[in-house]
Amino acid sequence: MTPYTHSNVARAIVNSMIVGKLNEASETFEGVITHDYNINSTTKVFTFTIDSEDVHYHPPASTSVDTIGKHYLLRSINNPKVRRHYTVSQCMRQNTYKEYLNLIKQFKDGERNFQFNEKVLAEHTSKNEIIFTAKNYNIVGGLSRILHTAATTERYQMKALLGKGLNLQSEGVHVAFAGGTGVLVFMDLVALLLR
Ligand SMILES: Cc1cc2nc3c(=O)[nH]c(=O)nc-3n(C[C@H](O)[C@H](O)[C@H](O)COP(=O)(O)OP(=O)(O)OC[C@H]3O[C@@H](n4cnc5c(N)ncnc54)[C@H](O)[C@@H]3O)c2cc1C
């Protein structure tokens, strides 16, 4: 299945139906993938490094609650028609993720007196690095395949941040539905609760 881009006629029809516009505060910038590591045989965590000097975008802080559930829009400069969303998942940074796994293991082993190593959060200070996690759908022409097979040889354009997020409230019952990579929407929330 080749990626589909809607025609200008479709765009014109949609534009004629607009009832209001959200004031979008997102920014667009370019960069490269500078690091990745495997979560499992199909999924990797990528570090996207912004390399345009005139960009003042500040990636979400590891402890930011407001950005949980929001996402980035990514495309390869060589294949610009294929634009895909990737979810903010700060806790998936390599050493941070290891620390959370360690906490979960301790909890499962019956330990209740553990301390989260706050030092791993200090890794999140870089102003130009964005972390995202992508499963390889391995579809020819798809972006996830490019990420998994040629991550570091491509240039990418990213738009951030998009979406409403989880809109978490300080109290009340929150119900989450997740499946597949949709679980990434809730990873930073689980990390927050673990801390
Ligand atoms: C808000 C949002 C957040 C997202 N966050 C993440 C994230 O954090 N991590 C992540 O990995 N993904 C995420 N996704 C999904 C991601 O945007 C891409 O859809 C994914 O990476 C696949 O892109 P692709 O270009 O490789 O494949 P695509 O070409 O987009 O294929 C997408 C889907 O279509 C199916 N498909 C395509 N061609 C065929 C075919 N011929 N026959 C049968 N099925 C087919 C694929 O199996 C797959 O399920 C998110 C999506 C949204 C909307």
# chains A, B, ... in the order shown; residues from 1 in each chain; ligands from 1
call {"tool": "residues_around", "arguments": {"residues": "Arg145 (chain A)", "least_positions_apart": "4", "cutoff": "12 Å", "atoms": "only C-alpha atoms", "output": "mmCIF file with N, CA and C atoms, in the first residue's frame"}}
result
data_model
loop_
_atom_site.group_PDB
_atom_site.id
_atom_site.type_symbol
_atom_site.label_atom_id
_atom_site.label_comp_id
_atom_site.auth_asym_id
_atom_site.auth_seq_id
_atom_site.Cartn_x
_atom_site.Cartn_y
_atom_site.Cartn_z
ATOM 1 N N THR A 42 11.500 -5.528 17.382
ATOM 2 C CA THR A 42 10.827 -4.669 16.385
ATOM 3 C C THR A 42 10.839 -3.189 16.755
ATOM 4 N N THR A 43 11.232 -2.880 17.960
ATOM 5 C CA THR A 43 11.054 -1.503 18.441
ATOM 6 C C THR A 43 12.356 -0.887 18.955
ATOM 7 N N LYS A 44 12.580 0.370 18.549
ATOM 8 C CA LYS A 44 13.792 1.075 18.978
ATOM 9 C C LYS A 44 13.437 2.444 19.543
ATOM 10 N N SER A 76 11.028 12.198 6.650
ATOM 11 C CA SER A 76 12.383 12.181 6.119
ATOM 12 C C SER A 76 12.448 13.221 5.011
ATOM 13 N N ASN A 79 11.933 11.720 1.658
ATOM 14 C CA ASN A 79 10.637 11.101 1.361
ATOM 15 C C ASN A 79 9.551 11.942 2.040
ATOM 16 N N VAL A 82 5.655 11.274 3.199
ATOM 17 C CA VAL A 82 5.281 10.340 4.274
ATOM 18 C C VAL A 82 5.571 11.002 5.621
ATOM 19 N N ARG A 84 4.629 11.007 9.686
ATOM 20 C CA ARG A 84 4.061 10.115 10.700
ATOM 21 C C ARG A 84 4.209 10.730 12.091
ATOM 22 N N ALA A 134 9.855 4.014 18.182
ATOM 23 C CA ALA A 134 9.122 3.595 16.977
ATOM 24 C C ALA A 134 9.265 2.111 16.737
ATOM 25 N N LYS A 135 8.125 1.508 16.446
ATOM 26 C CA LYS A 135 8.099 0.099 16.044
ATOM 27 C C LYS A 135 8.341 0.043 14.539
ATOM 28 N N ASN A 136 9.028 -0.990 14.078
ATOM 29 C CA ASN A 136 9.255 -1.151 12.640
ATOM 30 C C ASN A 136 8.087 -1.910 12.011
ATOM 31 N N TYR A 137 7.243 -1.188 11.248
ATOM 32 C CA TYR A 137 6.142 -1.847 10.541
ATOM 33 C C TYR A 137 6.645 -2.503 9.259
ATOM 34 N N ASN A 138 7.875 -2.156 8.898
ATOM 35 C CA ASN A 138 8.585 -2.780 7.783
ATOM 36 C C ASN A 138 7.803 -2.714 6.473
ATOM 37 N N ILE A 139 7.221 -1.568 6.219
ATOM 38 C CA ILE A 139 6.456 -1.383 4.982
ATOM 39 C C ILE A 139 7.306 -0.554 4.027
ATOM 40 N N VAL A 140 7.490 -1.066 2.805
ATOM 41 C CA VAL A 140 8.298 -0.336 1.826
ATOM 42 C C VAL A 140 7.648 1.029 1.610
ATOM 43 N N GLY A 141 8.458 2.080 1.716
ATOM 44 C CA GLY A 141 7.927 3.432 1.542
ATOM 45 C C GLY A 141 7.445 4.035 2.848
ATOM 46 N N THR A 149 16.163 1.148 9.346
ATOM 47 C CA THR A 149 17.208 0.614 8.463
ATOM 48 C C THR A 149 18.228 1.666 8.054
ATOM 49 N N ALA A 150 17.823 2.929 8.067
ATOM 50 C CA ALA A 150 18.753 3.961 7.583
ATOM 51 C C ALA A 150 18.692 5.203 8.444
ATOM 52 N N ALA A 151 18.455 4.995 9.746
ATOM 53 C CA ALA A 151 18.205 6.131 10.646
ATOM 54 C C ALA A 151 19.253 7.223 10.529
#
call {"tool": "select_by_dssp", "arguments": {"residues": "region 89-145 of chain A", "states": "strand (DSSP E)", "output": "ChimeraX atom specification"}}
result
/A:129-135
call {"tool": "atom_distance", "arguments": {"atom1": "atom 4 (C, counted along the ligand's line) of ligand 1", "atom2": "CA of Gln157 (chain A)"}}
result
16.0 Å
call {"tool": "residues_around", "arguments": {"residues": "Ser26 (chain A)", "least_positions_apart": "3", "cutoff": "8 Å", "atoms": "only C-alpha atoms", "output": "PDB file with C-alpha atoms, in the first residue's frame"}}
result
ATOM      1  CA  LYS A 159       7.046  19.432  13.925  1.00  0.00           C
ATOM      2  CA  ALA A 160       6.480  19.711  17.683  1.00  0.00           C
ATOM      3  CA  LEU A 161       4.499  19.616  19.811  1.00  0.00           C
ATOM      4  CA  LEU A 162       1.093  18.512  18.599  1.00  0.00           C
TER       5      LEU A 162
END
call {"tool": "atom_distance", "arguments": {"atom1": "CA of Asn95 (chain A)", "atom2": "CA of Val185 (chain A)"}}
result
19.6 Å
call {"tool": "atom_distance", "arguments": {"atom1": "CA of Val183 (chain A)", "atom2": "CA of Val88 (chain A)"}}
result
11.3 Å
call {"tool": "closest_residue", "arguments": {"among": "A:Ala176, A:Leu193, A:His148, A:Pro80", "to": "Ser41 (chain A)", "atoms": "only C-alpha atoms"}}
result
A:His148
call {"tool": "decode", "arguments": {"residues": "region 123-152 of chain A", "atoms": "N, CA and C atoms", "output": "CSV table (one decimal), in the first residue's frame"}}
result
chain,number,residue,atom,x,y,z
A,123,GLU,N,20.0,13.6,32.7
A,123,GLU,CA,20.3,13.3,31.3
A,123,GLU,C,19.4,14.1,30.3
A,124,HIS,N,18.3,14.6,30.9
A,124,HIS,CA,17.3,15.2,30.0
A,124,HIS,C,17.6,16.7,29.8
A,125,THR,N,18.7,17.2,30.2
A,125,THR,CA,18.9,18.6,30.2
A,125,THR,C,19.2,19.2,28.8
A,126,SER,N,19.6,18.3,27.8
A,126,SER,CA,20.0,18.8,26.5
A,126,SER,C,18.8,19.5,25.9
A,127,LYS,N,19.1,20.7,25.4
A,127,LYS,CA,18.1,21.5,24.8
A,127,LYS,C,17.7,21.1,23.4
A,128,ASN,N,18.5,20.3,22.8
A,128,ASN,CA,18.3,20.0,21.3
A,128,ASN,C,18.0,18.5,21.0
A,129,GLU,N,17.8,17.7,22.1
A,129,GLU,CA,17.5,16.3,21.8
A,129,GLU,C,16.1,15.9,22.1
A,130,ILE,N,15.5,15.2,21.2
A,130,ILE,CA,14.2,14.7,21.3
A,130,ILE,C,14.1,13.2,21.2
A,131,ILE,N,13.5,12.6,22.2
A,131,ILE,CA,13.4,11.1,22.3
A,131,ILE,C,12.1,10.6,21.8
A,132,PHE,N,12.1,9.6,20.9
A,132,PHE,CA,10.8,9.0,20.6
A,132,PHE,C,11.1,7.5,20.3
A,133,THR,N,10.0,6.7,20.4
A,133,THR,CA,10.1,5.3,20.2
A,133,THR,C,9.3,4.9,19.0
A,134,ALA,N,9.9,4.0,18.2
A,134,ALA,CA,9.1,3.6,17.0
A,134,ALA,C,9.3,2.1,16.7
A,135,LYS,N,8.1,1.5,16.4
A,135,LYS,CA,8.1,0.1,16.0
A,135,LYS,C,8.3,0.0,14.5
A,136,ASN,N,9.0,-1.0,14.1
A,136,ASN,CA,9.3,-1.2,12.6
A,136,ASN,C,8.1,-1.9,12.0
A,137,TYR,N,7.2,-1.2,11.2
A,137,TYR,CA,6.1,-1.8,10.5
A,137,TYR,C,6.6,-2.5,9.3
A,138,ASN,N,7.9,-2.2,8.9
A,138,ASN,CA,8.6,-2.8,7.8
A,138,ASN,C,7.8,-2.7,6.5
A,139,ILE,N,7.2,-1.6,6.2
A,139,ILE,CA,6.5,-1.4,5.0
A,139,ILE,C,7.3,-0.6,4.0
A,140,VAL,N,7.5,-1.1,2.8
A,140,VAL,CA,8.3,-0.3,1.8
A,140,VAL,C,7.6,1.0,1.6
A,141,GLY,N,8.5,2.1,1.7
A,141,GLY,CA,7.9,3.4,1.5
A,141,GLY,C,7.4,4.0,2.8
A,142,GLY,N,7.3,3.2,3.9
A,142,GLY,CA,6.9,3.7,5.2
A,142,GLY,C,8.0,4.4,5.9
A,143,LEU,N,7.7,5.2,6.9
A,143,LEU,CA,8.8,5.9,7.6
A,143,LEU,C,9.4,5.1,8.7
A,144,SER,N,8.7,4.2,9.3
A,144,SER,CA,9.3,3.4,10.4
A,144,SER,C,10.4,2.5,9.8
A,145,ARG,N,10.2,2.0,8.6
A,145,ARG,CA,11.3,1.2,8.0
A,145,ARG,C,12.5,2.0,7.8
A,146,ILE,N,12.4,3.2,7.3
A,146,ILE,CA,13.5,4.1,7.1
A,146,ILE,C,14.2,4.3,8.4
A,147,LEU,N,13.4,4.6,9.5
A,147,LEU,CA,14.1,4.8,10.8
A,147,LEU,C,14.9,3.6,11.2
A,148,HIS,N,14.3,2.4,11.0
A,148,HIS,CA,15.0,1.2,11.5
A,148,HIS,C,16.2,0.7,10.6
A,149,THR,N,16.2,1.1,9.3
A,149,THR,CA,17.2,0.6,8.5
A,149,THR,C,18.2,1.7,8.1
A,150,ALA,N,17.8,2.9,8.1
A,150,ALA,CA,18.8,4.0,7.6
A,150,ALA,C,18.7,5.2,8.4
A,151,ALA,N,18.5,5.0,9.7
A,151,ALA,CA,18.2,6.1,10.6
A,151,ALA,C,19.3,7.2,10.5
A,152,THR,N,20.5,6.8,10.6
A,152,THR,CA,21.5,7.9,10.7
A,152,THR,C,22.0,8.5,9.4
